[in-house]
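Read the structure below first, then the notes.
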Amino acid sequence: MTILVEVFLGLALWLVLAALRRLPGAANRLVAIDVLSACALAACILAAARTGHTAFLDVALGFALIAFLATVCWANALRAEAPGRDAP
Amino acid sequence: MTALGWTLMIVGAALLAVAALGLHRLPDALSRQHAATKAATLALGLMLAGLAVLQPGSAWWIRIGALVTVLAATVPIASHALARAAASWPDASRSDASTPDASMQD
């Protein structure tokens with residue numbers, strides 16, 4: 001019964017990768033990559049639950065910080081490239 | 001107690017799949033960001049709560065508390081930056097994925 005966690009996580013990964021292929025524009029792909037990093041964090045938490053090692057939570061903590069910095073940097077770079085800078 | 005923990009993990013993973021489904025169902029980048037970040041944050045919180053139920057011990061709870069704090073602090077900032085980036089692109093935020101010609105432009 002607990003295999004449902006892996007099943008739903010695989011479904012989420014498949015949907016995110018399909019969205020990454022299908023959606024147009026850089027902003028949509030940035031949102032998809034943000035959800036992809038959430039899937040990676042969920043995989044870290046699941047690995048910690050399966051194996052019983054706390055080291056996977058340390059990995060998840062570091063990856064959360066890296067994903068936050070990457071998302072903010074890419075969002076600011078995307079906003080700096082925008083054609084109409086007076087938009088809100 | 002184990003059943004409660006795995007139930008929370010399953011609900012969290014299903015909510016993550018719903019967040020990924022929201023990327024397909026919603027029309028523009030701003031509403032996709034709205035669905036994806038909030039649902040993904042709740043999904044990760046539920047999975048961490050299930051892990052806290054499954055694995056008792058202070059070594060686990062310290063790390064889980066730190067992870068929840070980091071997620072609650074960083075995800076709103078990241079989603080705000082994403083929303084500003086999506087709102088500053090008029091073409092990308094209006095692109096409807098259901099129309100065929102909007103998906104052809106880069």
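In the structure tokens, chains take letters A, B, ... by order of appearance, with residues numbered from 1 within each chain and ligands from 1 in the order shown.
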Find the residues in chain A near chain B: any atom within 6 Å counts, using only C-alpha atoms. Write them as a list in words.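 Those within range of chain B come out as Val5, Phe8, Leu9, Ala12, Leu15, Val16, Pro24, Gly25, Ala27, Asn28, Val31, Leu61, Val72, Ala75, Leu78, Arg79, Ala82 and Ala87 of chain A.
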Include C-alpha atoms and write out the residues we just selected as an mmCIF file, in the first residue's frame.
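That gives us out_6.cif:
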data_model
loop_
_atom_site.group_PDB
_atom_site.id
_atom_site.type_symbol
_atom_site.label_atom_id
_atom_site.label_comp_id
_atom_site.auth_asym_id
_atom_site.auth_seq_id
_atom_site.Cartn_x
_atom_site.Cartn_y
_atom_site.Cartn_z
ATOM 1 C CA VAL A 5 3.792 7.296 -2.661
ATOM 2 C CA PHE A 8 2.006 9.464 -7.214
ATOM 3 C CA LEU A 9 5.531 10.852 -7.241
ATOM 4 C CA ALA A 12 3.888 14.083 -10.750
ATOM 5 C CA LEU A 15 3.274 15.475 -15.662
ATOM 6 C CA VAL A 16 6.011 18.027 -14.921
ATOM 7 C CA PRO A 24 5.552 27.707 -24.542
ATOM 8 C CA GLY A 25 7.741 30.491 -23.220
ATOM 9 C CA ALA A 27 8.166 31.793 -17.759
ATOM 10 C CA ASN A 28 6.100 28.614 -18.052
ATOM 11 C CA VAL A 31 7.354 27.410 -13.185
ATOM 12 C CA LEU A 61 17.831 21.024 3.218
ATOM 13 C CA VAL A 72 15.193 33.665 -7.802
ATOM 14 C CA ALA A 75 13.327 34.843 -12.404
ATOM 15 C CA LEU A 78 14.004 36.619 -17.075
ATOM 16 C CA ARG A 79 12.533 39.852 -15.773
ATOM 17 C CA ALA A 82 11.514 41.536 -20.562
ATOM 18 C CA ALA A 87 4.994 46.264 -16.465
#
Using backbone DSSP assignments, extract all helix (DSSP H, G or I) residues from chain A; output them as a ChimeraX atom specification. /A:4-22,26-51,55-80
